[in-house]
>>> print(open('protein12.txt').read())   # compact mmCIF, C-alpha atoms
# COMPACT_ATOMS: atom_id res chain seq x y z
CA MET U 1 15.52 -28.69 4.79
CA SER U 2 14.09 -27.82 8.21
CA SER U 3 10.48 -26.78 8.54
CA ALA U 4 11.57 -24.08 11.04
CA GLY U 5 13.76 -22.54 8.32
CA LYS U 6 10.92 -22.55 5.80
CA GLU U 7 8.51 -21.07 8.31
CA LEU U 8 11.08 -18.32 9.01
CA VAL U 9 11.29 -17.53 5.27
CA GLU U 10 7.49 -17.17 5.27
CA ARG U 11 7.66 -14.68 8.14
CA GLY U 12 10.58 -12.87 6.48
CA LEU U 13 8.63 -12.51 3.24
CA ASP U 14 5.55 -11.35 5.16
CA PHE U 15 7.72 -8.61 6.68
CA ILE U 16 9.03 -7.61 3.23
CA ARG U 17 5.46 -7.44 1.91
CA LYS U 18 4.62 -5.22 4.89
CA LEU U 19 7.50 -2.89 3.90
CA ASP U 20 6.27 -2.73 0.29
CA GLU U 21 2.78 -1.92 1.49
CA TYR U 22 4.11 0.78 3.87
CA ALA U 23 5.88 2.51 0.98
CA GLY U 24 3.05 1.91 -1.50
CA LEU U 25 5.46 -0.10 -3.67
CA LYS U 26 3.38 -2.22 -6.00
CA ARG U 27 5.84 -4.71 -7.44
CA ARG U 28 5.69 -8.46 -7.61
CA LEU U 29 8.47 -10.60 -6.13
CA VAL U 30 9.96 -12.97 -8.70
CA LEU U 31 11.46 -16.27 -7.59
CA VAL U 32 14.96 -17.06 -8.83
CA LYS U 33 15.51 -20.11 -6.64
CA HIS U 34 12.93 -22.59 -5.43
CA GLU U 35 12.88 -24.34 -2.06
CA VAL U 36 14.81 -21.66 -0.20
CA THR U 37 15.41 -21.77 3.55
CA THR U 38 17.19 -19.73 6.21
CA ASN U 39 19.11 -20.79 9.30
CA PRO U 40 17.22 -19.86 12.52
CA ALA U 41 20.58 -19.67 14.35
CA TYR U 42 21.51 -16.36 12.69
CA GLY U 43 19.72 -13.03 12.54
CA LYS U 44 15.99 -12.52 13.12
CA VAL U 45 12.88 -11.06 11.53
CA PRO U 46 13.29 -7.25 12.08
CA SER U 47 9.90 -6.88 13.79
CA GLU U 48 11.26 -9.08 16.59
CA ARG U 49 14.23 -6.84 17.45
CA THR U 50 14.65 -5.92 21.12
CA LEU U 51 14.69 -2.28 22.17
CA ASN U 52 18.50 -2.30 22.38
CA GLU U 53 18.71 -3.71 18.84
CA LYS U 54 16.22 -1.12 17.61
CA LEU U 55 18.28 1.67 19.18
CA ARG U 56 21.14 0.60 16.88
CA LEU U 57 19.10 -0.24 13.79
CA GLY U 58 15.96 1.83 14.09
CA ILE U 59 14.20 4.81 12.63
CA ILE U 60 11.54 7.14 14.07
CA ASN U 61 8.81 8.69 11.91
CA LEU U 62 8.94 11.98 13.80
CA ASP U 63 6.39 14.78 13.59
CA LYS U 64 8.80 17.70 13.86
CA PRO U 65 7.31 20.61 15.81
CA PRO U 66 7.61 24.10 14.30
CA GLY U 67 10.25 26.27 15.98
CA PRO U 68 13.44 24.27 16.49
CA THR U 69 15.66 23.35 13.54
CA SER U 70 15.83 19.74 12.30
CA HIS U 71 19.38 19.67 13.64
CA GLU U 72 18.25 20.73 17.14
CA VAL U 73 15.50 18.11 17.17
CA VAL U 74 17.99 15.35 16.26
CA ALA U 75 20.38 16.59 18.97
CA TRP U 76 17.58 16.32 21.59
CA ILE U 77 16.70 12.80 20.50
CA LYS U 78 20.36 11.75 20.63
CA LYS U 79 20.66 13.08 24.16
CA MET U 80 17.30 11.68 25.28
CA LEU U 81 18.08 8.15 24.06
CA GLY U 82 21.81 8.29 24.86
CA LEU U 83 22.96 7.78 21.27
CA THR U 84 26.30 8.59 19.67
CA LYS U 85 24.87 9.01 16.16
CA ALA U 86 21.55 9.96 14.57
CA GLY U 87 20.57 11.54 11.28
CA HIS U 88 17.47 12.98 9.68
CA GLY U 89 16.04 12.67 6.23
CA GLY U 90 15.71 16.10 4.68
CA THR U 91 15.99 19.41 6.50
CA LEU U 92 12.79 21.17 7.47
CA VAL U 93 13.52 24.85 8.08
CA PRO U 94 12.38 26.08 11.54
CA ARG U 95 9.60 28.37 10.33
CA MET M 1 7.64 24.40 9.64
CA SER M 2 6.41 21.11 10.95
CA GLY M 3 5.82 17.61 9.72
CA VAL M 4 7.32 14.30 8.71
CA LEU M 5 11.02 14.19 9.64
CA PRO M 6 12.37 10.63 9.80
CA VAL M 7 15.19 10.30 12.35
CA ALA M 8 17.56 7.35 11.93
CA LEU M 9 19.41 6.01 14.97
CA GLU M 10 23.08 4.87 15.12
CA SER M 11 23.90 2.44 12.26
CA ALA M 12 20.55 3.19 10.64
CA SER M 13 21.92 6.70 9.86
CA LYS M 14 23.65 5.17 6.82
CA ILE M 15 20.35 5.06 4.95
CA ILE M 16 19.34 8.73 5.36
CA GLY M 17 20.75 9.59 1.92
CA TYR M 18 17.95 7.53 0.38
CA LEU M 19 15.38 9.58 2.32
CA MET M 20 16.96 12.93 1.50
CA LEU M 21 16.76 12.08 -2.20
CA SER M 22 13.18 10.83 -1.95
CA THR M 23 9.90 12.47 -3.02
CA LYS M 24 8.41 15.01 -0.59
CA GLU M 25 4.82 16.06 -0.11
CA TYR M 26 3.69 19.28 1.57
CA VAL M 27 0.50 21.03 2.54
CA ALA M 28 0.95 24.79 2.21
CA VAL M 29 -1.08 27.96 2.62
CA MET M 30 -0.46 30.58 -0.05
CA GLN M 31 -1.50 34.16 0.68
CA LEU M 32 -2.37 36.14 -2.43
CA HIS M 33 -1.46 39.85 -2.53
CA GLY M 34 -4.37 40.82 -4.76
CA HIS M 35 -7.50 39.38 -6.34
CA VAL M 36 -7.20 36.62 -8.91
CA SER M 37 -10.10 34.72 -10.48
CA GLU M 38 -10.47 31.09 -9.52
CA LYS M 39 -10.13 30.07 -13.17
CA ARG M 40 -6.84 31.93 -13.58
CA LEU M 41 -5.55 30.61 -10.25
CA LYS M 42 -6.22 27.02 -11.30
CA GLU M 43 -4.63 27.54 -14.72
CA VAL M 44 -1.44 29.06 -13.32
CA ILE M 45 -1.07 26.45 -10.59
CA LYS M 46 -1.54 23.70 -13.16
CA SER M 47 1.19 25.22 -15.31
CA PHE M 48 3.68 24.66 -12.45
CA ILE M 49 3.21 20.88 -12.57
CA GLY M 50 6.11 19.22 -14.37
CA ARG M 51 9.72 20.33 -14.70
CA ILE M 52 10.28 23.87 -13.47
CA TYR M 53 13.29 26.18 -13.16
CA GLN M 54 13.95 27.29 -9.62
CA LYS M 55 16.53 29.66 -8.18
CA PRO M 56 17.09 28.82 -4.47
CA PRO M 57 16.08 31.65 -2.09
CA VAL M 58 18.64 34.10 -0.63
CA ARG M 59 18.52 32.29 2.72
CA SER M 60 19.20 28.75 1.59
CA SER M 61 21.78 26.08 2.19
CA VAL M 62 22.71 25.47 -1.45
CA LYS M 63 24.42 27.42 -4.23
CA ARG M 64 22.01 29.95 -5.73
CA ALA M 65 22.18 28.65 -9.28
CA LEU M 66 19.11 28.03 -11.41
CA ARG M 67 18.06 24.39 -10.97
CA ILE M 68 15.50 22.18 -12.60
CA LYS M 69 13.07 20.57 -10.16
CA GLU M 70 10.14 18.32 -10.88
CA ILE M 71 6.72 19.11 -9.42
CA TYR M 72 4.75 15.86 -9.59
CA ASN M 73 1.42 17.35 -8.56
CA ILE M 74 -0.26 20.39 -7.02
CA GLU M 75 -3.79 19.97 -5.76
CA ILE M 76 -5.87 22.91 -4.57
CA LEU M 77 -7.62 21.77 -1.38
CA GLU M 78 -9.47 24.96 -0.45
CA ILE M 79 -9.71 28.59 -1.54
CA GLN M 80 -10.69 31.27 0.97
CA TYR M 81 -9.43 34.56 -0.40
CA PRO M 82 -6.71 35.64 0.08
CA PHE M 83 -5.68 32.17 1.23
CA VAL M 84 -5.19 29.09 -0.92
CA LEU M 85 -4.62 25.73 0.73
CA MET M 86 -2.78 23.26 -1.46
CA ARG M 87 -1.01 19.92 -1.48
CA ILE M 88 2.31 19.81 -3.34
CA GLU M 89 4.14 16.65 -4.34
CA CYS M 90 7.67 17.41 -5.52
CA GLU M 91 11.22 16.30 -6.08
CA HIS M 92 13.67 16.55 -3.16
CA GLY M 93 15.34 19.95 -2.81
CA THR M 94 12.37 21.96 -4.11
CA TYR M 95 11.89 25.20 -2.17
CA VAL M 96 8.15 25.46 -1.61
CA ARG M 97 8.41 29.05 -0.35
CA LYS M 98 10.05 29.97 -3.66
CA LEU M 99 7.55 27.94 -5.66
CA ILE M 100 4.68 29.89 -4.10
CA HIS M 101 6.47 33.21 -4.64
CA ASP M 102 6.95 32.29 -8.31
CA ILE M 103 3.27 31.29 -8.68
CA GLY M 104 2.41 34.73 -7.28
CA ASP M 105 4.65 36.43 -9.85
CA ILE M 106 3.04 34.58 -12.76
CA LEU M 107 -0.42 35.41 -11.38
CA GLY M 108 0.65 39.05 -11.39
CA ALA M 109 -0.86 39.72 -7.98
CA GLY M 110 2.08 38.36 -6.02
CA ALA M 111 1.89 35.79 -3.20
CA HIS M 112 3.82 34.43 -0.27
CA MET M 113 3.83 31.24 1.78
CA ARG M 114 1.90 31.60 5.00
CA GLU M 115 2.11 28.06 6.46
CA LEU M 116 3.90 24.87 5.55
CA ARG M 117 3.74 21.30 6.75
CA ARG M 118 5.56 18.31 5.28
CA THR M 119 3.15 15.41 4.94
CA ARG M 120 5.49 12.88 3.35
CA THR M 121 9.22 12.07 3.10
CA GLY M 122 9.75 9.07 0.82
CA PRO M 123 7.88 6.15 2.44
CA PHE M 124 7.09 8.08 5.66
CA LYS M 125 3.67 9.70 5.84
CA GLU M 126 1.19 11.05 8.36
CA ASP M 127 -0.05 7.66 9.51
CA GLU M 128 -0.19 5.65 12.76
CA THR M 129 3.65 5.43 12.85
CA LEU M 130 4.10 9.24 13.08
CA VAL M 131 5.05 10.34 16.62
CA THR M 132 5.40 13.71 18.29
CA MET M 133 8.32 14.80 20.50
CA HIS M 134 5.89 14.55 23.44
CA GLU M 135 5.05 10.93 22.70
CA LEU M 136 8.73 10.12 22.24
CA SER M 137 9.73 11.76 25.52
CA GLU M 138 6.86 10.02 27.34
CA ALA M 139 7.95 6.63 25.97
CA THR M 140 11.57 7.36 26.93
CA TYR M 141 10.42 8.19 30.47
CA MET M 142 8.53 4.87 30.69
CA TRP M 143 11.69 3.04 29.61
CA LYS M 144 14.19 4.87 31.80
CA GLN M 145 12.12 5.56 34.92
CA MET M 146 9.46 2.83 34.90
CA ASN M 147 11.47 0.00 33.33
CA ASP M 148 8.78 -0.46 30.66
CA ASP M 149 10.41 -0.57 27.24
CA LYS M 150 7.28 -1.42 25.25
CA PRO M 151 6.10 2.13 24.42
CA LEU M 152 9.55 3.13 23.08
CA SER M 153 10.01 -0.17 21.28
CA ASP M 154 6.64 0.35 19.57
CA ILE M 155 7.67 3.84 18.42
CA ILE M 156 11.02 2.87 16.89
CA LEU M 157 10.60 1.21 13.50
CA PRO M 158 13.13 -1.26 12.15
CA VAL M 159 15.65 0.47 9.81
CA GLU M 160 14.16 -1.54 6.93
CA PHE M 161 11.20 0.89 6.81
CA GLY M 162 13.63 3.65 5.80
CA VAL M 163 14.44 1.89 2.52
CA SER M 164 11.00 0.32 2.05
CA HIS M 165 10.47 2.43 -1.09
CA LEU M 166 13.44 0.81 -2.87
CA PRO M 167 13.04 -2.32 -5.02
CA LYS M 168 14.38 -5.33 -3.16
CA VAL M 169 16.75 -8.18 -3.86
CA ILE M 170 16.51 -11.09 -1.41
CA ILE M 171 19.60 -13.22 -0.94
CA MET M 172 20.60 -16.66 0.34
CA ASP M 173 22.08 -16.98 3.86
CA GLY M 174 25.42 -18.01 2.36
CA ALA M 175 25.81 -14.69 0.51
CA VAL M 176 25.16 -12.43 3.52
CA SER M 177 28.58 -12.37 5.16
CA ALA M 178 30.49 -11.53 1.96
CA ILE M 179 28.14 -8.57 1.34
CA THR M 180 28.65 -7.27 4.88
CA HIS M 181 32.40 -7.36 4.16
CA GLY M 182 31.80 -5.16 1.11
CA ALA M 183 31.62 -7.75 -1.70
CA ASP M 184 29.27 -7.12 -4.62
CA LEU M 185 26.25 -9.39 -5.03
CA ALA M 186 26.65 -12.11 -7.66
CA VAL M 187 23.72 -13.83 -9.38
CA PRO M 188 24.04 -17.23 -7.59
CA GLY M 189 23.47 -15.54 -4.20
CA ILE M 190 20.00 -14.26 -5.16
CA ALA M 191 16.87 -16.09 -3.99
CA MET M 192 14.20 -13.69 -5.30
CA LEU M 193 13.75 -10.08 -6.35
CA HIS M 194 11.24 -7.45 -7.40
CA GLU M 195 10.11 -7.20 -10.99
CA GLY M 196 11.04 -4.12 -13.01
CA ILE M 197 14.58 -3.54 -11.69
CA ARG M 198 16.76 -1.83 -14.29
CA PRO M 199 20.55 -1.39 -14.37
CA GLY M 200 21.45 1.74 -12.39
CA ASP M 201 18.49 1.49 -9.98
CA ALA M 202 19.13 1.84 -6.24
CA VAL M 203 18.06 -1.40 -4.53
CA GLY M 204 17.90 -2.83 -1.01
CA ILE M 205 19.63 -6.16 -0.39
CA PHE M 206 17.62 -8.22 2.14
CA THR M 207 17.95 -11.60 3.85
CA LEU M 208 15.22 -14.24 3.62
CA LYS M 209 14.26 -13.14 7.16
CA GLY M 210 13.58 -9.63 5.85
CA GLU M 211 16.69 -7.97 7.31
CA LEU M 212 18.43 -5.17 5.40
CA VAL M 213 22.01 -6.25 4.62
CA ALA M 214 23.10 -3.35 2.42
CA THR M 215 21.99 -0.96 -0.28
CA GLY M 216 23.36 -1.18 -3.79
CA ILE M 217 23.11 -0.20 -7.43
CA ALA M 218 21.69 -2.81 -9.81
CA ARG M 219 24.05 -3.85 -12.61
CA MET M 220 21.52 -6.10 -14.31
CA SER M 221 17.78 -5.96 -14.90
CA THR M 222 15.36 -8.39 -13.23
CA GLU M 223 15.14 -10.35 -16.52
CA GLN M 224 18.92 -10.50 -16.94
CA ILE M 225 19.30 -11.79 -13.39
CA ILE M 226 16.67 -14.51 -13.95
CA GLN M 227 18.37 -15.61 -17.16
CA SER M 228 21.96 -15.55 -15.84
CA THR M 229 23.86 -18.12 -13.82
CA LYS M 230 26.80 -15.89 -12.91
CA GLY M 231 28.05 -12.30 -12.91
CA ILE M 232 27.67 -9.25 -10.64
CA ALA M 233 23.99 -8.40 -10.28
CA VAL M 234 24.25 -5.59 -7.69
CA LYS M 235 27.15 -3.33 -6.78
CA THR M 236 27.17 -2.95 -2.98
CA LYS M 237 26.96 0.67 -1.88
CA ARG M 238 26.34 0.95 1.88
CA VAL M 239 26.54 -1.94 4.33
CA ILE M 240 23.99 -1.67 7.16
CA MET M 241 24.13 -5.10 8.81
CA ASN M 242 26.79 -5.96 11.40
CA LYS M 243 29.58 -8.13 9.97
CA ASP M 244 29.17 -10.89 12.56
CA THR M 245 25.40 -11.40 12.15
CA TYR M 246 25.73 -14.30 9.68
CA PRO M 247 28.61 -16.85 9.54
CA ARG M 248 31.48 -16.40 7.13
CA LEU M 249 31.21 -19.17 4.54
CA TRP M 250 33.12 -17.64 1.65
CA GLY M 251 36.77 -18.33 0.91
CA ARG M 252 36.43 -21.90 2.18
CA ARG M 253 36.46 -23.61 -1.16
CA LYS M 254 40.24 -23.33 -1.48
CA SER M 255 40.76 -25.70 1.42
CA GLN M 256 38.32 -28.27 0.08
>>> encode(input="protein12.txt", output="structure tokens")
Amino acid sequence: MSSAGKELVERGLDFIRKLDEYAGLKRRLVLVKHEVTTNPAYGKVPSERTLNEKLRLGIINLDKPPGPTSHEVVAWIKKMLGLTKAGHGGTLVPR
Amino acid sequence: MSGVLPVALESASKIIGYLMLSTKEYVAVMQLHGHVSEKRLKEVIKSFIGRIYQKPPVRSSVKRALRIKEIYNIEILEIQYPFVLMRIECEHGTYVRKLIHDIGDILGAGAHMRELRRTRTGPFKEDETLVTMHELSEATYMWKQMNDDKPLSDIILPVEFGVSHLPKVIIMDGAVSAITHGADLAVPGIAMLHEGIRPGDAVGIFTLKGELVATGIARMSTEQIIQSTKGIAVKTKRVIMNKDTYPRLWGRRKSQ
């Protein structure tokens, strides 16, 4: 088992703990298998994604301004970033 | 109204359902139409915490049938007659304007919503990750015109944050490809998982590197998974990861 793989698991789990903390999720992780590893040749820790990767697999915590509809705001962002698809989580009425 | 509106880009859009169905928090200003004692105001507001009946307003995007919505908490932040500033934590799909109107009716004096701001959508709150349209457009300018992609890259969070509120199941590299092709997650593919998962719970399926592979519905509890050696643990619901991210290892056994 490579030490690079084990080190990558450590960083992966750190990232997952960061997600739990972000959401205020207070649950313990339970081990099912011991001595796990991951192949550094595939995938990467999400915090290391390039901008182009983030534009495909990213999310923005937007402070919607009052006035425009949620739909209009998403349309602007799509145009601004040159995206084909974007969606928002829960409509906020304009006023 | 203004406030926390998570916007998911491209493939990340597949997870917005989990945000739409998540808990919301608002800060609202209620304007009272007549005088009400502070004691009575507090009593009535408290009585709205819990499961309430709500008929969606005339101008709404859903059928106007009486619905049951859960109000997790209402906290009065400030009273300055006729205005009452409060924080409301509620189930998705609650109409705050209607809630305030109904509080006014029970008070007898009547009331309407004067201001509203959403302060939380599921895991997203008013914290250092919240960005304005101005900040976003500035960062986009730096990227497009100045060739500096750092500001925009810092603003866009990995899609994983959008499902950070879900309990997580972390899987072995060898199980990833099959899941991205739509297979359900079997017990042997699981490396670790959160405590307290019950059958029927929505879960996130993650790699050991912390990448979101898919979302799913648990078929077994955490305990059942620990005690089993086989069987379907999670039914795959929405695949987020690209199919070619991890190598295809399944289906090889036949040739061995």
>>> closest_residue(input="protein12.txt", among="U:Lys79, U:Pro68, U:Val32, U:Ala41", to="chain M", atoms="only C-alpha atoms")
U:Val32
>>> atom_distance(input="protein12.txt", atom1="CA of Leu66 in chain M", atom2="CA of Gly50 in chain M")
16.0 Å
>>> atom_distance(input="protein12.txt", atom1="CA of Arg87 in chain M", atom2="CA of Gly17 in chain M")
24.3 Å
>>> residues_around(input="protein12.txt", residues="Lys54 in chain U", least_positions_apart="6", cutoff="12 Å", atoms="only C-alpha atoms", output="compact mmCIF listing (two decimals) with C-alpha atoms, keeping the file's coordinate frame")
# COMPACT_ATOMS: atom_id res chain seq x y z
CA PRO U 46 13.29 -7.25 12.08
CA SER U 47 9.90 -6.88 13.79
CA GLU U 48 11.26 -9.08 16.59
CA ILE U 60 11.54 7.14 14.07
CA LEU U 81 18.08 8.15 24.06
CA LEU U 83 22.96 7.78 21.27
CA ALA M 8 17.56 7.35 11.93
CA LEU M 9 19.41 6.01 14.97
CA GLU M 10 23.08 4.87 15.12
CA SER M 11 23.90 2.44 12.26
CA ALA M 12 20.55 3.19 10.64
CA ASP M 149 10.41 -0.57 27.24
CA LYS M 150 7.28 -1.42 25.25
CA LEU M 152 9.55 3.13 23.08
CA SER M 153 10.01 -0.17 21.28
CA ASP M 154 6.64 0.35 19.57
CA ILE M 155 7.67 3.84 18.42
CA ILE M 156 11.02 2.87 16.89
CA LEU M 157 10.60 1.21 13.50
CA PRO M 158 13.13 -1.26 12.15
CA VAL M 159 15.65 0.47 9.81
CA GLU M 160 14.16 -1.54 6.93
>>> closest_residue(input="protein12.txt", among="U:Pro40, U:Gly12, U:Thr91, U:Thr50", to="chain M", atoms="only C-alpha atoms")
U:Gly12
>>> interface_residues(input="protein12.txt", of="chain M", to="chain U", cutoff="7 Å", atoms="all atoms listed in the file", output="number ranges by chain")
M: 1-13, 16, 19-20, 123-124, 129-132, 149, 153, 155-159, 161-162, 164-165, 173, 190-195, 208-211, 226, 245-246
>>> atom_distance(input="protein12.txt", atom1="CA of Val203 in chain M", atom2="CA of Ile15 in chain M")
11.7 Å
>>> closest_residue(input="protein12.txt", among="M:Asp127, M:Met86, M:Thr229, M:Gly34", to="Asp105 in chain M", atoms="all atoms listed in the file")
M:Gly34
